[in-house]
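Raw target-v3.cif, mmCIF, C-alpha atoms and all ligand atoms:
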data_run
loop_
_atom_site.label_atom_id
_atom_site.label_comp_id
_atom_site.auth_asym_id
_atom_site.auth_seq_id
_atom_site.Cartn_x
_atom_site.Cartn_y
_atom_site.Cartn_z
CA MET A 1 0.44 -48.02 -3.81
CA GLU A 2 2.39 -51.24 -3.65
CA PHE A 3 1.63 -54.07 -1.24
CA SER A 4 3.70 -56.75 0.41
CA LYS A 5 2.86 -59.72 2.59
CA LEU A 6 3.45 -59.25 6.28
CA GLY A 7 6.34 -61.68 6.74
CA LYS A 8 5.30 -65.24 6.00
CA SER A 9 1.65 -64.48 6.76
CA GLY A 10 -0.86 -64.03 3.96
CA LEU A 11 -1.80 -60.53 5.13
CA PRO A 12 -1.30 -57.85 2.42
CA VAL A 13 0.01 -54.57 3.84
CA SER A 14 0.65 -51.36 1.93
CA ARG A 15 4.37 -50.61 1.69
CA LEU A 16 3.68 -47.19 3.18
CA SER A 17 1.53 -47.04 6.29
CA PHE A 18 0.55 -44.36 8.78
CA GLY A 19 1.06 -43.99 12.54
CA THR A 20 -0.14 -41.58 15.20
CA TRP A 21 2.61 -41.34 17.85
CA ILE A 22 2.90 -37.80 19.31
CA THR A 23 0.37 -36.42 16.84
CA PHE A 24 -3.17 -37.81 17.37
CA GLY A 25 -4.84 -36.64 20.59
CA ASN A 26 -1.77 -34.55 21.39
CA GLN A 27 0.15 -32.34 18.92
CA ILE A 28 -2.64 -31.96 16.36
CA GLY A 29 -6.39 -31.39 16.53
CA TYR A 30 -9.15 -33.68 15.36
CA ASP A 31 -9.74 -32.04 11.97
CA ILE A 32 -6.09 -32.32 10.91
CA ALA A 33 -5.95 -35.91 12.18
CA LYS A 34 -8.97 -36.75 10.05
CA GLU A 35 -7.50 -35.01 7.01
CA LEU A 36 -4.28 -37.00 7.44
CA MET A 37 -6.10 -40.35 7.65
CA ILE A 38 -8.09 -39.52 4.53
CA ILE A 39 -4.97 -38.46 2.60
CA ALA A 40 -3.30 -41.74 3.56
CA TYR A 41 -6.32 -43.91 2.77
CA ASP A 42 -6.94 -42.20 -0.56
CA ALA A 43 -3.29 -42.82 -1.49
CA GLY A 44 -3.80 -46.56 -0.90
CA VAL A 45 -2.45 -46.86 2.66
CA ASN A 46 -4.23 -49.80 4.30
CA PHE A 47 -2.46 -49.94 7.68
CA PHE A 48 -3.01 -47.50 10.56
CA ASP A 49 -0.81 -47.94 13.61
CA ASN A 50 -1.75 -47.04 17.17
CA ALA A 51 -0.98 -47.95 20.79
CA GLU A 52 -2.65 -47.79 24.19
CA VAL A 53 0.08 -45.44 25.42
CA TYR A 54 -0.23 -42.87 22.60
CA ALA A 55 -1.71 -39.78 24.28
CA HIS A 56 -2.85 -42.20 27.02
CA GLY A 57 -5.56 -43.75 24.87
CA LYS A 58 -6.70 -40.49 23.22
CA SER A 59 -4.95 -41.38 19.98
CA GLU A 60 -7.09 -44.51 19.70
CA GLU A 61 -10.24 -42.53 20.50
CA VAL A 62 -9.45 -40.05 17.73
CA MET A 63 -8.76 -42.83 15.23
CA GLY A 64 -11.93 -44.67 16.22
CA LYS A 65 -14.03 -41.56 15.68
CA ILE A 66 -12.45 -40.96 12.28
CA LEU A 67 -13.02 -44.57 11.20
CA LYS A 68 -16.64 -44.29 12.26
CA GLU A 69 -17.18 -40.97 10.47
CA THR A 70 -15.51 -41.98 7.22
CA GLY A 71 -17.47 -45.22 7.10
CA TRP A 72 -14.67 -47.04 5.27
CA THR A 73 -15.53 -50.72 5.03
CA ARG A 74 -13.76 -52.85 7.63
CA ASP A 75 -12.27 -55.10 4.94
CA SER A 76 -10.39 -52.17 3.37
CA TYR A 77 -7.95 -51.32 6.22
CA LEU A 78 -5.84 -52.78 9.02
CA VAL A 79 -5.62 -51.27 12.49
CA SER A 80 -3.08 -52.10 15.16
CA SER A 81 -2.68 -51.31 18.80
CA LYS A 82 0.09 -52.10 21.24
CA VAL A 83 0.09 -53.30 24.82
CA PHE A 84 2.75 -52.86 27.53
CA PHE A 85 3.11 -49.25 28.70
CA GLY A 86 -0.54 -48.87 29.77
CA ALA A 87 -2.87 -46.01 28.95
CA GLY A 88 -1.80 -43.79 31.83
CA GLY A 89 -2.56 -45.96 34.86
CA LYS A 90 0.28 -46.18 37.36
CA LEU A 91 -0.61 -49.46 39.07
CA PRO A 92 1.38 -52.63 38.30
CA THR A 93 -1.81 -54.33 37.10
CA GLN A 94 -2.31 -51.56 34.51
CA LYS A 95 0.79 -52.25 32.41
CA GLY A 96 3.07 -55.08 31.28
CA LEU A 97 2.53 -58.30 29.37
CA HIS A 98 0.86 -60.41 32.05
CA ARG A 99 -2.43 -62.11 31.16
CA LYS A 100 -4.55 -59.62 33.10
CA HIS A 101 -3.23 -56.48 31.42
CA ILE A 102 -3.18 -58.02 27.94
CA ARG A 103 -6.83 -59.03 28.24
CA GLU A 104 -7.96 -55.69 29.73
CA ALA A 105 -5.79 -53.55 27.43
CA CYS A 106 -7.18 -55.27 24.34
CA ASP A 107 -10.77 -54.74 25.45
CA ALA A 108 -10.03 -51.08 26.27
CA ALA A 109 -8.32 -50.50 22.89
CA LEU A 110 -11.26 -52.03 21.03
CA LYS A 111 -13.65 -49.79 22.93
CA ARG A 112 -11.63 -46.63 22.22
CA LEU A 113 -11.23 -47.58 18.55
CA GLN A 114 -14.90 -48.62 18.30
CA LEU A 115 -13.84 -51.84 16.56
CA ASP A 116 -14.78 -55.50 17.00
CA TYR A 117 -11.23 -56.74 16.41
CA LEU A 118 -7.67 -55.53 15.84
CA ASP A 119 -5.82 -56.72 12.76
CA LEU A 120 -2.47 -56.56 14.54
CA TYR A 121 -1.66 -56.45 18.23
CA PHE A 122 1.91 -55.69 19.30
CA CYS A 123 3.70 -56.37 22.57
CA HIS A 124 5.18 -52.86 22.68
CA ARG A 125 8.34 -53.90 24.58
CA PRO A 126 9.52 -57.16 26.16
CA ASP A 127 8.33 -57.62 29.76
CA LYS A 128 11.21 -59.14 31.71
CA SER A 129 8.95 -59.70 34.73
CA THR A 130 6.42 -61.96 32.97
CA PRO A 131 7.21 -65.44 31.61
CA ILE A 132 7.11 -65.37 27.79
CA GLU A 133 4.80 -68.46 27.91
CA GLU A 134 2.15 -66.40 29.69
CA THR A 135 2.33 -63.64 27.07
CA ILE A 136 2.20 -66.07 24.15
CA TRP A 137 -0.77 -67.93 25.63
CA SER A 138 -2.57 -64.61 26.20
CA MET A 139 -2.03 -63.48 22.59
CA HIS A 140 -3.05 -66.90 21.28
CA GLN A 141 -6.23 -66.77 23.33
CA LEU A 142 -7.06 -63.28 22.00
CA ILE A 143 -6.81 -64.69 18.48
CA LEU A 144 -9.08 -67.62 19.38
CA ALA A 145 -11.53 -65.17 20.97
CA GLY A 146 -11.66 -63.24 17.67
CA LYS A 147 -10.35 -60.04 19.26
CA ILE A 148 -7.13 -59.88 17.26
CA LEU A 149 -6.06 -61.48 13.97
CA TYR A 150 -2.24 -61.43 14.16
CA TRP A 151 0.19 -60.57 16.91
CA GLY A 152 3.69 -59.19 16.94
CA THR A 153 6.40 -57.59 19.01
CA SER A 154 8.08 -54.21 19.12
CA GLU A 155 11.72 -53.71 20.04
CA TRP A 156 12.15 -57.29 21.15
CA SER A 157 15.56 -58.88 20.63
CA ALA A 158 16.07 -61.66 18.08
CA GLN A 159 16.61 -64.01 21.02
CA GLU A 160 13.27 -63.08 22.60
CA ILE A 161 11.45 -63.47 19.30
CA MET A 162 13.02 -66.90 18.78
CA GLU A 163 12.11 -67.93 22.32
CA ALA A 164 8.50 -66.95 21.57
CA HIS A 165 8.58 -69.08 18.42
CA MET A 166 10.16 -72.04 20.17
CA LEU A 167 7.58 -71.99 22.96
CA ALA A 168 4.71 -71.44 20.53
CA ALA A 169 5.85 -74.48 18.52
CA ARG A 170 6.15 -76.57 21.69
CA HIS A 171 2.62 -75.71 22.87
CA ASN A 172 1.03 -75.54 19.41
CA LEU A 173 0.22 -71.85 19.75
CA ILE A 174 0.08 -69.13 17.07
CA PRO A 175 3.48 -67.40 17.00
CA PRO A 176 4.20 -63.70 16.45
CA VAL A 177 4.34 -62.78 12.76
CA VAL A 178 5.78 -59.29 12.85
CA GLU A 179 8.22 -57.05 14.70
CA GLN A 180 8.10 -53.26 14.87
CA PRO A 181 11.63 -51.87 15.26
CA GLN A 182 13.13 -48.45 14.65
CA TYR A 183 14.85 -48.34 11.27
CA ASN A 184 16.29 -45.42 9.36
CA MET A 185 19.57 -44.29 7.82
CA LEU A 186 20.94 -43.48 11.28
CA HIS A 187 19.69 -46.56 13.14
CA ARG A 188 20.37 -49.86 11.42
CA HIS A 189 21.86 -52.67 13.50
CA LYS A 190 18.74 -54.55 14.62
CA VAL A 191 17.12 -54.70 11.19
CA GLU A 192 20.23 -55.32 9.13
CA VAL A 193 22.24 -57.61 11.41
CA GLU A 194 20.45 -58.85 14.53
CA PHE A 195 17.33 -60.06 12.71
CA SER A 196 19.10 -61.11 9.51
CA GLN A 197 18.65 -64.88 10.07
CA ILE A 198 15.10 -64.84 11.41
CA TYR A 199 13.55 -63.30 8.29
CA LYS A 200 14.33 -66.68 6.73
CA THR A 201 13.86 -69.07 9.65
CA VAL A 202 10.54 -67.83 11.06
CA GLY A 203 9.42 -65.52 8.24
CA LEU A 204 9.48 -62.35 10.34
CA GLY A 205 7.67 -59.33 8.86
CA LEU A 206 8.66 -55.75 9.75
CA THR A 207 6.60 -52.58 10.23
CA ILE A 208 9.45 -50.12 10.79
CA TRP A 209 9.16 -46.85 12.73
CA SER A 210 10.73 -43.39 12.57
CA PRO A 211 11.96 -43.65 8.96
CA LEU A 212 12.87 -39.94 9.16
CA ALA A 213 14.43 -40.16 12.65
CA SER A 214 11.59 -37.97 13.96
CA GLY A 215 12.09 -35.46 11.13
CA LEU A 216 15.87 -35.11 11.32
CA LEU A 217 16.19 -36.79 7.91
CA THR A 218 14.09 -34.10 6.24
CA GLY A 219 16.94 -31.63 6.83
CA LYS A 220 14.59 -29.29 8.75
CA TYR A 221 16.84 -29.28 11.84
CA ASN A 222 19.86 -28.02 9.92
CA ASN A 223 18.76 -24.41 10.32
CA GLY A 224 17.72 -24.47 13.99
CA ILE A 225 14.54 -25.64 15.70
CA SER A 226 11.14 -23.99 15.28
CA GLU A 227 8.51 -24.08 18.01
CA ASP A 228 6.29 -26.47 16.05
CA TYR A 229 8.99 -29.06 15.35
CA ARG A 230 8.61 -32.38 17.17
CA LEU A 231 12.06 -32.29 18.76
CA LYS A 232 11.25 -28.96 20.42
CA ARG A 233 8.63 -30.67 22.59
CA ALA A 234 9.59 -30.73 26.25
CA GLU A 235 8.63 -34.41 26.72
CA LEU A 236 11.01 -35.35 23.89
CA SER A 237 14.12 -33.52 25.12
CA TRP A 238 15.78 -36.92 25.62
CA LEU A 239 15.23 -37.72 21.93
CA ALA A 240 16.47 -34.30 20.80
CA GLU A 241 19.63 -34.78 22.86
CA ARG A 242 20.23 -38.13 21.23
CA ASN A 243 19.44 -37.12 17.64
CA LEU A 244 20.46 -33.49 17.26
CA VAL A 245 24.21 -34.01 17.39
CA GLU A 246 26.71 -32.44 15.03
CA GLU A 247 27.77 -35.82 13.61
CA ASN A 248 24.17 -36.47 12.43
CA LEU A 249 23.59 -32.93 11.18
CA LYS A 250 26.80 -33.10 9.14
CA LYS A 251 25.66 -36.34 7.49
CA VAL A 252 22.22 -34.85 6.83
CA ARG A 253 23.78 -31.84 5.04
CA ARG A 254 25.81 -34.13 2.78
CA LEU A 255 22.80 -36.40 2.15
CA MET A 256 20.72 -33.37 1.16
CA ASP A 257 23.31 -32.42 -1.45
CA LEU A 258 23.32 -35.98 -2.77
CA ALA A 259 19.51 -36.07 -2.92
CA HIS A 260 19.41 -32.84 -4.93
CA ASP A 261 22.18 -34.13 -7.15
CA VAL A 262 20.11 -37.21 -8.11
CA GLY A 263 16.94 -35.16 -8.60
CA THR A 264 14.95 -35.53 -5.38
CA ASP A 265 14.94 -34.35 -1.75
CA LEU A 266 16.31 -36.03 1.35
CA THR A 267 12.89 -36.76 2.88
CA ARG A 268 11.83 -38.96 0.01
CA LEU A 269 15.31 -40.42 -0.42
CA ALA A 270 15.38 -41.45 3.26
CA ILE A 271 11.96 -43.12 3.08
CA ALA A 272 12.80 -44.84 -0.22
CA TRP A 273 16.07 -46.06 1.32
CA CYS A 274 14.03 -47.91 3.99
CA LEU A 275 11.67 -49.30 1.33
CA LYS A 276 14.63 -50.57 -0.65
CA ASN A 277 15.32 -53.12 2.10
CA SER A 278 13.20 -56.10 1.07
CA ASP A 279 12.95 -57.35 4.67
CA VAL A 280 10.85 -54.27 5.47
CA SER A 281 7.17 -55.11 4.91
CA THR A 282 5.92 -51.56 5.47
CA VAL A 283 7.38 -48.17 6.38
CA LEU A 284 5.31 -46.37 9.01
CA LEU A 285 5.01 -42.68 8.18
CA GLY A 286 4.30 -40.00 10.75
CA ALA A 287 3.14 -36.46 9.96
CA SER A 288 1.82 -33.41 11.75
CA LYS A 289 0.74 -31.58 8.59
CA PRO A 290 -1.16 -32.64 5.46
CA GLU A 291 1.54 -31.32 3.11
CA GLN A 292 4.17 -33.46 4.88
CA LEU A 293 2.13 -36.62 4.42
CA LYS A 294 1.26 -35.87 0.79
CA HIS A 295 4.95 -35.38 0.06
CA ASN A 296 6.11 -38.47 1.95
CA LEU A 297 3.53 -40.65 0.21
CA THR A 298 5.27 -39.98 -3.11
CA SER A 299 8.47 -41.69 -1.89
CA LEU A 300 7.79 -44.91 -3.79
CA GLU A 301 8.32 -42.89 -6.95
CA VAL A 302 11.97 -42.25 -6.16
CA LEU A 303 12.88 -45.90 -5.52
CA THR A 304 14.29 -46.18 -9.04
CA LEU A 305 16.82 -43.46 -8.21
CA LEU A 306 18.44 -45.77 -5.68
CA THR A 307 20.85 -47.44 -8.07
CA ASP A 308 23.83 -49.40 -6.76
CA ASP A 309 25.99 -46.35 -7.39
CA VAL A 310 23.69 -44.03 -5.42
CA LEU A 311 23.38 -46.56 -2.58
CA GLN A 312 27.17 -46.74 -2.44
CA ARG A 313 27.42 -42.93 -2.26
CA ILE A 314 24.87 -42.94 0.57
CA GLU A 315 26.86 -45.63 2.37
CA LEU A 316 30.03 -43.53 2.16
CA ILE A 317 28.26 -40.55 3.75
CA LEU A 318 26.52 -42.58 6.45
CA ASP A 319 29.68 -44.51 7.31
CA ASN A 320 27.61 -46.66 9.71
CA LYS A 321 27.05 -49.95 7.90
CA PRO A 322 26.53 -52.47 10.71
CA LEU A 323 28.93 -55.38 10.64
CA HIS A 324 27.85 -59.01 10.75
CA PRO A 325 29.70 -61.05 13.37
CA GLN A 326 32.74 -62.92 12.01
CA PHE A 327 32.92 -66.66 12.64
P1 LIG B 401 9.17 -40.10 11.33
O1 LIG B 401 10.56 -40.43 11.72
O2 LIG B 401 8.87 -40.07 9.88
O3 LIG B 401 8.79 -38.70 12.00
C1 LIG B 401 7.59 -38.07 11.70
C2 LIG B 401 7.68 -36.59 12.05
O4 LIG B 401 8.68 -35.95 11.26
C3 LIG B 401 6.37 -35.88 11.73
O5 LIG B 401 5.42 -36.02 12.77
C4 LIG B 401 6.85 -34.45 11.54
O6 LIG B 401 7.11 -33.88 12.82
C5 LIG B 401 8.18 -34.69 10.80
N1 LIG B 401 7.99 -34.78 9.35
C6 LIG B 401 7.49 -35.85 8.64
N2 LIG B 401 7.47 -35.58 7.33
C7 LIG B 401 7.96 -34.33 7.17
C8 LIG B 401 8.18 -33.52 6.04
N3 LIG B 401 7.90 -33.95 4.80
N4 LIG B 401 8.71 -32.29 6.24
C9 LIG B 401 9.01 -31.85 7.48
N5 LIG B 401 8.81 -32.58 8.60
C10 LIG B 401 8.29 -33.82 8.45
O7 LIG B 401 8.13 -41.15 11.94
P2 LIG B 401 7.57 -41.36 13.44
O8 LIG B 401 8.66 -41.19 14.44
O9 LIG B 401 6.35 -40.55 13.60
O10 LIG B 401 7.19 -42.89 13.38
C11 LIG B 401 6.11 -43.31 12.53
C12 LIG B 401 5.16 -44.18 13.31
O11 LIG B 401 5.84 -45.31 13.83
C13 LIG B 401 4.54 -43.54 14.57
O12 LIG B 401 3.51 -42.65 14.29
C14 LIG B 401 4.10 -44.76 15.34
O13 LIG B 401 2.89 -45.28 14.79
C15 LIG B 401 5.24 -45.73 15.06
N6 LIG B 401 6.23 -45.70 16.15
C16 LIG B 401 6.36 -46.85 16.87
C17 LIG B 401 7.24 -46.91 17.92
C18 LIG B 401 7.36 -48.19 18.69
O14 LIG B 401 8.00 -48.20 19.76
N7 LIG B 401 6.79 -49.26 18.22
C19 LIG B 401 8.05 -45.74 18.33
C20 LIG B 401 7.85 -44.59 17.48
C21 LIG B 401 6.99 -44.59 16.43
P3 LIG B 401 6.97 -32.28 13.15
O15 LIG B 401 6.18 -31.64 12.07
O16 LIG B 401 6.31 -32.25 14.48
O17 LIG B 401 8.37 -31.79 13.23
#
Represent the structure from my file as structure tokens, please.
Amino acid sequence: MEFSKLGKSGLPVSRLSFGTWITFGNQIGYDIAKELMIIAYDAGVNFFDNAEVYAHGKSEEVMGKILKETGWTRDSYLVSSKVFFGAGGKLPTQKGLHRKHIREACDAALKRLQLDYLDLYFCHRPDKSTPIEETIWSMHQLILAGKILYWGTSEWSAQEIMEAHMLAARHNLIPPVVEQPQYNMLHRHKVEVEFSQIYKTVGLGLTIWSPLASGLLTGKYNNGISEDYRLKRAELSWLAERNLVEENLKKVRRLMDLAHDVGTDLTRLAIAWCLKNSDVSTVLLGASKPEQLKHNLTSLEVLTLLTDDVLQRIELILDNKPLHPQF
């Protein structure tokens, strides 16, 4: 495993990490979840990503039980959670980024995970109805209280992240250190253009999600959809509609040919392509089966195949390089 620093912080994070969206407490049973965590940990993964909203808190419960049972020492791994969507409660006090929910959500996540502190705590989306000052103060206070070590954002705009930094500097508060955006061959603008300045200015780290576009970039959807594929799930029909379009499938077919041509498969090529971007601190892997995770964890090995020539061939197929604004 290789490690990088999370943005300008001193925190070492494995370049491949593991997340539990859709799977833990939902799609897969406890035994498979445990097997997946052990496969990841044994391969050197040190970061496990979670959120209050994943399976309405059950994902955190499953992870907490696994961490307890494995007995891994607390200094050998990082755990995150995320606050915003709530853990199933419908009341306005049970979601958002106001001080009350942040405080209660953090305590609830720690209880479900059976941990004393979270390494990373993400504001899962921006909350337009709460002043950013209130959110920053709340995260700062959680750090001072020893309940979290670092905080970050997920799917915030560059402007919102900069506002958080500006206010944190003004009030002498600890600013966010990391953002968690979607990033893959089919979804690039935020990471490659919108954030391009703030990697340098504020030292933003990235834990990117859906490197395989929910499995599309394995090529498995090119021959129809099986019952056990993620995008067959009723609650994700919106995502299937967005992703399973002929334009994407056509690109995937051509990318698969290219991958075979250079001696690998598209799954690993797609993950390595994300790793190749040096602004990406860690690529969050998802998996519903042990063999998927074992395979994906070997993606670092194919990084050397991504020569300038191969990257150029990929670019020609993708035909979606985001443009920087002209001045
Ligand atoms: P991917 O895009 O890699 O999708 C993972 C899914 O693709 C697996 O669950 C599996 O689904 C399929 N898959 C993976 N590997 C293979 C393989 N080798 N062969 C065939 N199918 C494969 O990542 P995720 O979308 O899961 O994102 C990773 C993590 O990022 C999440 O777990 C979560 O922690 C985080 N995340 C954060 C978000 C945020 O808003 N901050 C949003 C989404 C994710 P199946 O077998 O069911 O088809």
Which is closest to Ala55 of chain A among A:Thr23, A:Thr73, A:Gln326, A:Thr135, if we use all atoms listed in the file?
A:Thr23
Find the residues around His171 of chain A up to 10 Å (all atoms listed in the file counted), leave out those fewer than 3 positions away in its own chain, and share them as a VMD selection string.
chain A and resid 133 136 to 137 165 to 168 174
I need the residue nearest Leu78 of chain A from this list: A:Tyr150, A:Lys34, A:Thr20, A:Asp319. Use all atoms listed in the file for the distance.
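Looking only at the distances to Leu78 of chain A, the closest residue turns out to be A:Tyr150.
Closest to Val83 of chain A among A:Thr153, A:Ser129, A:Leu269, A:Gly25 is A:Thr153, based on only C-alpha atoms.
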For atom C19 of ligand LIG 401 (chain B) and atom CA of Asn50 of chain A, determine how far apart the two atoms are, in Å to one decimal place.
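Interatomic distance here is 10.0 Å.
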Would you mind listing what lies within 12 Å of Glu247 of chain A as a PyMOL selection string, with only C-alpha atoms counted and same-chain residues fewer than 2 positions away left out?
chain A and resi 186+222+242-245+249-254+317-320
